[in-house]
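Student: My structure is stored as coords-v7.cif, with mmCIF, C-alpha atoms.
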```cif
data_run
loop_
_atom_site.label_atom_id
_atom_site.label_comp_id
_atom_site.auth_asym_id
_atom_site.auth_seq_id
_atom_site.Cartn_x
_atom_site.Cartn_y
_atom_site.Cartn_z
CA MET A 1 30.15 15.57 1.77
CA ARG A 2 28.91 14.13 -1.51
CA ARG A 3 27.84 17.60 -2.68
CA SER A 4 31.32 19.00 -1.89
CA ILE A 5 33.00 16.27 -3.94
CA ILE A 6 30.69 16.90 -6.88
CA MET A 7 31.30 20.69 -6.76
CA ALA A 8 35.06 20.18 -6.65
CA ALA A 9 34.88 17.86 -9.63
CA LEU A 10 32.84 20.40 -11.58
CA VAL A 11 35.35 23.16 -10.89
CA ALA A 12 38.21 20.92 -12.01
CA LEU A 13 36.40 19.94 -15.17
CA THR A 14 35.61 23.55 -16.12
CA GLY A 15 39.18 24.34 -16.98
CA THR A 16 39.74 21.19 -18.99
CA ALA A 17 36.34 21.00 -20.67
CA PRO A 18 37.52 22.18 -24.17
CA ALA A 19 40.39 19.71 -24.21
CA LEU A 20 38.24 16.88 -22.93
CA ALA A 21 35.52 17.64 -25.42
CA GLU A 22 38.01 17.69 -28.32
CA SER A 23 39.76 14.49 -27.25
CA HIS A 24 36.48 12.62 -26.85
CA ARG A 25 35.01 13.97 -30.05
CA LEU A 26 37.95 12.84 -32.26
CA GLN A 27 39.61 9.46 -32.60
CA GLY A 28 43.21 9.18 -31.45
CA ASP A 29 44.74 8.84 -34.96
CA PHE A 30 42.64 11.60 -36.50
CA THR A 31 44.44 14.34 -38.52
CA PHE A 32 42.81 17.47 -39.83
CA ARG A 33 42.48 17.90 -43.59
CA ARG A 34 40.94 20.82 -45.41
CA ILE A 35 38.20 19.79 -47.86
CA GLY A 36 36.98 22.26 -50.42
CA VAL A 37 33.39 22.83 -51.42
CA PRO A 38 32.48 20.36 -54.21
CA GLN A 39 31.89 21.83 -57.65
CA SER A 40 28.47 21.78 -59.19
CA GLY A 41 27.64 18.36 -60.61
CA ALA A 42 30.31 16.54 -58.62
CA THR A 43 29.39 12.99 -57.71
CA ASN A 44 31.95 12.24 -55.02
CA ARG A 45 29.84 12.80 -51.97
CA ILE A 46 30.33 11.66 -48.43
CA THR A 47 27.82 9.08 -47.33
CA VAL A 48 27.19 8.78 -43.62
CA GLN A 49 25.57 5.62 -42.32
CA VAL A 50 24.00 5.61 -38.89
CA ALA A 51 23.55 2.20 -37.32
CA PRO A 52 20.09 1.81 -35.85
CA GLN A 53 20.00 1.54 -32.07
CA ALA A 54 17.60 -0.61 -30.17
CA PRO A 55 15.38 1.34 -27.80
CA SER A 56 16.74 1.40 -24.30
CA ALA A 57 14.99 -0.79 -21.77
CA PRO A 58 12.79 0.98 -19.25
CA SER A 59 14.46 1.66 -15.97
CA ALA A 60 13.61 -0.62 -13.11
CA PRO A 61 11.04 0.66 -10.64
CA PRO A 62 12.43 2.07 -7.42
CA VAL A 63 13.00 -0.47 -4.71
CA ALA A 64 11.55 0.14 -1.29
CA GLY A 65 14.26 1.50 0.96
CA SER A 66 16.31 3.08 -1.86
CA GLY A 67 16.65 6.71 -2.80
CA GLY A 68 17.20 7.95 0.73
CA THR A 69 14.28 6.08 2.31
CA PRO A 70 15.61 3.72 4.98
CA ALA A 71 14.58 0.11 4.56
CA PRO A 72 12.61 -1.32 7.47
CA ALA A 73 14.43 -3.53 9.90
CA PRO A 74 13.44 -7.18 9.72
CA GLY A 75 10.17 -7.54 11.58
CA SER A 76 7.70 -10.22 12.49
CA PRO A 77 7.05 -12.62 9.60
CA ALA A 78 3.71 -12.99 7.87
CA ILE A 79 1.33 -15.61 9.23
CA ALA A 80 0.25 -18.26 6.75
CA GLY A 81 -3.36 -18.50 5.72
CA LEU A 82 -4.39 -14.95 6.64
CA ALA A 83 -4.65 -13.19 3.29
CA PRO A 84 -6.08 -15.45 0.57
CA ALA A 85 -6.82 -13.68 -2.69
CA PRO A 86 -10.56 -13.23 -3.19
CA SER A 87 -12.37 -13.92 -6.43
CA GLY A 88 -14.54 -11.35 -8.18
CA VAL A 89 -17.13 -9.89 -5.82
CA GLU A 90 -19.57 -8.11 -8.10
CA TRP A 91 -22.29 -10.28 -6.56
CA TYR A 92 -21.62 -8.74 -3.15
CA TRP A 93 -22.30 -5.20 -4.34
CA GLU A 94 -25.53 -6.36 -5.91
CA ALA A 95 -26.67 -7.50 -2.46
CA ILE A 96 -25.28 -4.46 -0.60
CA SER A 97 -25.54 -1.01 -2.15
CA PRO A 98 -22.20 0.83 -2.26
CA SER A 99 -23.96 4.21 -2.32
CA LEU A 100 -23.93 6.52 0.69
CA ASP A 101 -27.52 7.35 -0.16
CA ASP A 102 -28.46 3.82 0.93
CA ALA A 103 -26.31 3.78 4.06
CA ASP A 104 -29.30 3.41 6.37
CA SER A 105 -30.89 0.60 4.39
CA PHE A 106 -28.74 -2.20 5.81
CA SER A 107 -26.99 -3.13 9.05
CA LEU A 108 -23.60 -4.62 9.84
CA GLU A 109 -25.36 -7.94 10.26
CA ALA A 110 -26.81 -7.63 6.75
CA ALA A 111 -23.42 -6.65 5.31
CA VAL A 112 -21.87 -9.77 6.84
CA ALA A 113 -24.81 -11.99 5.84
CA ALA A 114 -24.39 -10.88 2.23
CA LEU A 115 -21.11 -12.81 2.18
CA THR A 116 -23.17 -15.99 2.05
CA THR A 117 -24.90 -15.00 -1.20
CA ALA A 118 -21.85 -15.71 -3.36
CA PRO A 119 -22.31 -17.88 -6.43
CA GLN A 120 -20.59 -21.25 -6.20
CA GLY A 121 -16.83 -20.88 -6.39
CA GLN A 122 -16.86 -17.08 -5.98
CA GLY A 123 -17.08 -16.74 -2.21
CA VAL A 124 -14.75 -14.55 -0.18
CA PRO A 125 -12.33 -16.89 1.62
CA ALA A 126 -12.05 -16.22 5.34
CA PRO A 127 -8.69 -16.40 7.10
CA ARG A 128 -7.93 -19.58 8.98
CA LEU A 129 -8.79 -19.68 12.66
CA GLN A 130 -5.30 -20.91 13.50
CA GLY A 131 -3.71 -17.94 11.77
CA MET A 132 -6.05 -15.43 13.43
CA THR A 133 -5.36 -17.01 16.80
CA GLU A 134 -1.62 -16.66 16.26
CA LEU A 135 -2.15 -13.05 15.20
CA ALA A 136 -4.11 -12.33 18.38
CA ASN A 137 -1.42 -14.06 20.45
CA ARG A 138 1.25 -11.91 18.88
CA TYR A 139 -0.44 -8.49 18.90
CA GLY A 140 -3.47 -8.80 21.19
CA ILE A 141 -2.18 -6.64 24.03
CA ASP A 142 -1.04 -3.87 21.67
CA ILE A 143 -4.43 -3.94 19.94
CA LEU A 144 -6.35 -3.78 23.22
CA THR A 145 -4.17 -0.90 24.41
CA ALA A 146 -4.60 1.04 21.16
CA THR A 147 -8.39 0.74 21.22
CA ILE A 148 -8.80 2.16 24.73
CA GLY A 149 -10.71 5.42 24.48
CA THR A 150 -11.84 4.75 20.90
CA ASP A 151 -15.00 3.40 19.31
CA VAL A 152 -13.11 0.67 17.46
CA SER A 153 -13.53 -2.97 18.38
CA PRO A 154 -10.24 -4.82 18.85
CA ALA A 155 -11.75 -7.53 16.63
CA LEU A 156 -12.00 -5.03 13.76
CA VAL A 157 -8.36 -4.01 14.21
CA LEU A 158 -7.33 -7.66 14.18
CA ALA A 159 -9.33 -8.22 10.99
CA VAL A 160 -7.73 -5.23 9.26
CA ILE A 161 -4.22 -6.35 10.25
CA SER A 162 -4.87 -9.84 8.90
CA VAL A 163 -5.90 -8.47 5.52
CA GLU A 164 -3.40 -5.62 5.29
CA SER A 165 -0.17 -7.41 6.20
CA ALA A 166 -0.97 -10.94 7.45
CA GLY A 167 0.89 -9.93 10.60
CA ARG A 168 4.15 -8.84 8.97
CA SER A 169 5.38 -5.77 10.81
CA ASP A 170 7.95 -4.78 8.16
CA ALA A 171 5.56 -5.04 5.21
CA VAL A 172 5.85 -2.37 2.49
CA SER A 173 3.37 -2.16 -0.38
CA GLY A 174 4.18 -1.08 -3.91
CA ALA A 175 2.37 2.19 -3.19
CA GLY A 176 4.52 2.84 -0.11
CA ALA A 177 2.14 1.78 2.68
CA GLN A 178 4.09 0.56 5.68
CA GLY A 179 3.87 -1.79 8.62
CA LEU A 180 1.19 -3.98 10.16
CA MET A 181 -1.76 -1.76 9.27
CA GLN A 182 -0.17 -0.50 6.04
CA LEU A 183 -0.13 3.22 6.79
CA MET A 184 0.79 5.61 4.01
CA PRO A 185 3.40 8.15 5.23
CA PRO A 186 0.98 11.14 5.15
CA THR A 187 -1.61 9.16 7.14
CA ALA A 188 1.03 8.01 9.61
CA ALA A 189 2.15 11.61 10.15
CA ARG A 190 -1.46 12.75 10.45
CA PHE A 191 -2.01 10.42 13.40
CA GLY A 192 1.31 10.98 15.11
CA VAL A 193 3.18 7.88 13.94
CA GLN A 194 6.90 8.57 13.72
CA ASN A 195 8.03 5.03 12.93
CA ALA A 196 5.48 3.03 10.97
CA PHE A 197 7.52 -0.14 11.46
CA ASP A 198 7.18 0.05 15.22
CA VAL A 199 4.37 -2.35 16.12
CA ARG A 200 2.79 -0.26 18.87
CA GLU A 201 2.99 2.99 16.93
CA ASN A 202 1.58 1.44 13.79
CA ILE A 203 -1.36 -0.20 15.56
CA LYS A 204 -2.08 2.98 17.48
CA GLY A 205 -2.04 5.07 14.28
CA GLY A 206 -4.11 2.60 12.28
CA THR A 207 -6.66 2.33 15.08
CA ALA A 208 -6.89 6.11 15.34
CA TYR A 209 -7.54 6.31 11.60
CA LEU A 210 -10.27 3.66 11.81
CA ASP A 211 -11.83 5.54 14.72
CA TRP A 212 -11.83 8.75 12.68
CA LEU A 213 -13.33 7.02 9.64
CA LEU A 214 -16.11 5.37 11.64
CA ASP A 215 -17.01 8.75 13.10
CA GLU A 216 -16.84 10.38 9.66
CA PHE A 217 -19.21 7.83 8.13
CA ASP A 218 -21.62 7.42 11.07
CA ASN A 219 -20.24 4.02 12.10
CA LYS A 220 -21.13 2.51 8.71
CA VAL A 221 -18.33 0.00 8.47
CA ILE A 222 -18.31 -0.60 4.70
CA TYR A 223 -17.64 3.09 4.01
CA ALA A 224 -15.08 3.31 6.81
CA LEU A 225 -13.24 0.30 5.39
CA ALA A 226 -13.46 1.70 1.87
CA GLY A 227 -11.96 4.92 3.20
CA TYR A 228 -9.18 3.01 4.92
CA ASN A 229 -8.27 1.34 1.63
CA ALA A 230 -8.83 4.15 -0.87
CA GLY A 231 -8.92 7.27 1.29
CA GLU A 232 -11.91 9.09 2.68
CA GLY A 233 -11.79 11.53 -0.23
CA ALA A 234 -12.44 8.72 -2.70
CA VAL A 235 -15.53 7.69 -0.73
CA ARG A 236 -16.86 11.23 -0.70
CA ASN A 237 -16.08 11.86 -4.36
CA ASN A 238 -17.88 8.66 -5.39
CA ASN A 239 -20.74 9.08 -2.91
CA GLY A 240 -19.94 5.68 -1.49
CA VAL A 241 -17.57 2.78 -1.98
CA PRO A 242 -15.48 3.79 -5.02
CA PRO A 243 -15.63 1.51 -8.06
CA PHE A 244 -12.02 0.40 -7.66
CA ALA A 245 -11.58 -3.37 -8.00
CA GLU A 246 -9.16 -3.47 -5.07
CA THR A 247 -11.47 -1.53 -2.77
CA ARG A 248 -14.58 -3.46 -3.80
CA ALA A 249 -12.73 -6.70 -2.94
CA TYR A 250 -11.14 -5.28 0.23
CA VAL A 251 -14.35 -4.47 2.10
CA PRO A 252 -15.93 -7.97 2.05
CA LYS A 253 -12.53 -9.50 2.69
CA VAL A 254 -12.18 -7.56 5.96
CA LEU A 255 -15.77 -8.42 6.91
CA ALA A 256 -14.97 -12.11 6.43
CA ALA A 257 -11.93 -11.69 8.69
CA TRP A 258 -14.09 -9.79 11.21
CA GLU A 259 -16.35 -12.82 11.55
CA VAL A 260 -13.37 -14.97 12.49
CA ALA A 261 -11.80 -12.32 14.74
CA ARG A 262 -14.96 -11.70 16.78
CA GLY A 263 -15.07 -15.40 17.57
CA LEU A 264 -11.80 -14.99 19.47
CA CYS A 265 -13.40 -12.55 21.94
CA MET A 266 -14.70 -13.67 25.33
CA THR A 267 -17.97 -11.98 24.38
CA PRO A 268 -18.24 -11.71 20.58
CA PRO A 269 -18.96 -8.09 19.64
CA GLU A 270 -22.14 -7.35 17.74
CA LEU A 271 -20.93 -4.02 16.36
CA VAL A 272 -17.56 -2.80 15.11
CA THR A 273 -17.64 -0.29 17.97
CA ASP A 274 -18.05 -2.93 20.70
CA GLY A 275 -15.27 -3.89 23.07
CA CYS A 276 -13.52 -7.24 23.00
CA VAL A 277 -11.12 -9.15 25.20
CA PHE A 278 -9.34 -11.89 23.30
CA THR A 279 -9.49 -15.33 24.89
CA VAL A 280 -6.01 -16.22 23.66
CA SER A 281 -2.80 -15.69 25.61
CA SER A 282 -0.18 -13.15 24.54
CA GLU A 283 3.33 -14.23 23.73
#
```
Show the structure stored in the file as structure tokens.
Tutor:
Amino acid sequence: MRRSIIMAALVALTGTAPALAESHRLQGDFTFRRIGVPQSGATNRITVQVAPQAPSAPSAPPVAGSGGTPAPAPGSPAIAGLAPAPSGVEWYWEAISPSLDDADSFSLEAAVAALTTAPQGQGVPAPRLQGMTELANRYGIDILTATIGTDVSPALVLAVISVESAGRSDAVSGAGAQGLMQLMPPTAARFGVQNAFDVRENIKGGTAYLDWLLDEFDNKVIYALAGYNAGEGAVRNNNGVPPFAETRAYVPKVLAAWEVARGLCMTPPELVTDGCVFTVSSE
């Protein structure tokens, strides 16, 4: 309909374009006057002054939900205390090599233990137990259902959700990642997610991606998590955890959340591929 209106307007304007152009180009009280070419040496010249114009302000960045992309319906709110901002974590990558060449030189236990080597005041803050418990209450059944038939521990999914969205199902990042597990549209489509703001679909798609990444990187969780944050291509191209500040901070942050999440299981998992039944009740 909009295109039809625009086309009709263009057709109407075509016939009146010369008149419109002339009327807009000249002031209303303008009268034509013939001016001859000035003789050589004449001093009466026309001086035209152009007022300087301030540079136009940059346009505002697009807002999520504009430009034809539907905004998500209001979803579950974020849970307080789940996503504290970490400090610099260069110390962590001195204790744990980010290189794929060293993938067999440390275990998950060692990767988690390295969190305790932080200099004073630079540790990775773990999410609060109360917040993680509320998260498990809210989404536990959907997480358990999504992990059936996969090699992904429900505790790992819970940890990723806590870091990615703090439990907010309608979350949208500046880069366009959507929903609880912050799926980018191509990734969502790749794993069969039609509505990334649907809790069950999002958790199922995010879990499937984690399962694929763990298989791709031989169950080495730090590379799988780096791939979840930056894309598996970035891990391959950098032969390990890419040197992106966000990704380098993301991996230990999820591991800190994993330590809290596994404590909510009836039998705490030892590996990120182990099963888990949350001891909390679903809402």
Student: Between atom CA of A:Pro269 and atom CA of A:Leu135, what is the distance in Å, rounded to a tenth?
Tutor: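 These atoms are spaced 18.1 Å apart.
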Student: Once the PyMOL selection byres ((chain A and resi 155-166) around 9) is applied to the coordinates I shared, what remains selected? I want it as number ranges by chain.
Tutor: A: 77-84, 127, 131-132, 135-136, 139-140, 143, 147, 152-154, 167-172, 179-182, 203, 206-207, 210, 225, 250, 253-265, 268-269, 272-278
Student: Could you write out that same residue set with C-alpha atoms as a compact mmCIF listing (two decimals), in the frame of the given file?
Tutor:
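New file selection_21.txt:
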```
# COMPACT_ATOMS: atom_id res chain seq x y z
CA PRO A 77 7.05 -12.62 9.60
CA ALA A 78 3.71 -12.99 7.87
CA ILE A 79 1.33 -15.61 9.23
CA ALA A 80 0.25 -18.26 6.75
CA GLY A 81 -3.36 -18.50 5.72
CA LEU A 82 -4.39 -14.95 6.64
CA ALA A 83 -4.65 -13.19 3.29
CA PRO A 84 -6.08 -15.45 0.57
CA PRO A 127 -8.69 -16.40 7.10
CA GLY A 131 -3.71 -17.94 11.77
CA MET A 132 -6.05 -15.43 13.43
CA LEU A 135 -2.15 -13.05 15.20
CA ALA A 136 -4.11 -12.33 18.38
CA TYR A 139 -0.44 -8.49 18.90
CA GLY A 140 -3.47 -8.80 21.19
CA ILE A 143 -4.43 -3.94 19.94
CA THR A 147 -8.39 0.74 21.22
CA VAL A 152 -13.11 0.67 17.46
CA SER A 153 -13.53 -2.97 18.38
CA PRO A 154 -10.24 -4.82 18.85
CA GLY A 167 0.89 -9.93 10.60
CA ARG A 168 4.15 -8.84 8.97
CA SER A 169 5.38 -5.77 10.81
CA ASP A 170 7.95 -4.78 8.16
CA ALA A 171 5.56 -5.04 5.21
CA VAL A 172 5.85 -2.37 2.49
CA GLY A 179 3.87 -1.79 8.62
CA LEU A 180 1.19 -3.98 10.16
CA MET A 181 -1.76 -1.76 9.27
CA GLN A 182 -0.17 -0.50 6.04
CA ILE A 203 -1.36 -0.20 15.56
CA GLY A 206 -4.11 2.60 12.28
CA THR A 207 -6.66 2.33 15.08
CA LEU A 210 -10.27 3.66 11.81
CA LEU A 225 -13.24 0.30 5.39
CA TYR A 250 -11.14 -5.28 0.23
CA LYS A 253 -12.53 -9.50 2.69
CA VAL A 254 -12.18 -7.56 5.96
CA LEU A 255 -15.77 -8.42 6.91
CA ALA A 256 -14.97 -12.11 6.43
CA ALA A 257 -11.93 -11.69 8.69
CA TRP A 258 -14.09 -9.79 11.21
CA GLU A 259 -16.35 -12.82 11.55
CA VAL A 260 -13.37 -14.97 12.49
CA ALA A 261 -11.80 -12.32 14.74
CA ARG A 262 -14.96 -11.70 16.78
CA GLY A 263 -15.07 -15.40 17.57
CA LEU A 264 -11.80 -14.99 19.47
CA CYS A 265 -13.40 -12.55 21.94
CA PRO A 268 -18.24 -11.71 20.58
CA PRO A 269 -18.96 -8.09 19.64
CA VAL A 272 -17.56 -2.80 15.11
CA THR A 273 -17.64 -0.29 17.97
CA ASP A 274 -18.05 -2.93 20.70
CA GLY A 275 -15.27 -3.89 23.07
CA CYS A 276 -13.52 -7.24 23.00
CA VAL A 277 -11.12 -9.15 25.20
CA PHE A 278 -9.34 -11.89 23.30
```
Student: Tell me, in Å to one decimal, how far atom CA of A:Ala196 is from atom CA of A:Gln178.
Tutor: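 Atom CA of A:Gln178 lies at a distance of 6.0 Å from atom CA of A:Ala196.
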Student: Can you spell out as a PDB file with C-alpha atoms, keeping the file's coordinate frame the set of residues that the PyMOL selection byres ((chain A and resi 93-107) around 6) selects in the structure I just provided?
Tutor:
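As a result, selection.pdb now contains:
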```
ATOM      1  CA  GLU A  90     -19.570  -8.110  -8.100  1.00  0.00           C
ATOM      2  CA  TRP A  91     -22.290 -10.280  -6.560  1.00  0.00           C
ATOM      3  CA  TYR A  92     -21.620  -8.740  -3.150  1.00  0.00           C
ATOM      4  CA  LEU A 108     -23.600  -4.620   9.840  1.00  0.00           C
ATOM      5  CA  GLU A 109     -25.360  -7.940  10.260  1.00  0.00           C
ATOM      6  CA  ALA A 110     -26.810  -7.630   6.750  1.00  0.00           C
ATOM      7  CA  ASN A 239     -20.740   9.080  -2.910  1.00  0.00           C
ATOM      8  CA  GLY A 240     -19.940   5.680  -1.490  1.00  0.00           C
ATOM      9  CA  VAL A 241     -17.570   2.780  -1.980  1.00  0.00           C
TER      10      VAL A 241
END
```
Student: Could you check how far atom CA of A:Gly123 sits from atom CA of A:Lys220, in Å to one decimal?
Tutor: 22.5 Å
Student: Under the rule that only C-alpha atoms are counted, which of A:Glu270, A:Ile148, A:Val199, A:Pro252 is the nearest residue to A:Thr116?
Tutor: A:Pro252
Student: So, with all atoms listed in the file as the atoms that count, which of A:Ala175, A:Val280, A:Val221, A:Ala126 lies closest to A:Met266?
Tutor: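 Of the candidates, the smallest distance to A:Met266 is held by A:Val280.
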Student: Kindly resolve the PyMOL selection byres ((chain A and resi 244) around 12) on the present coordinates and return the residues as a ChimeraX atom specification.
Tutor: /A:89-90,98,226-227,229-231,234-235,238,240-243,245-251
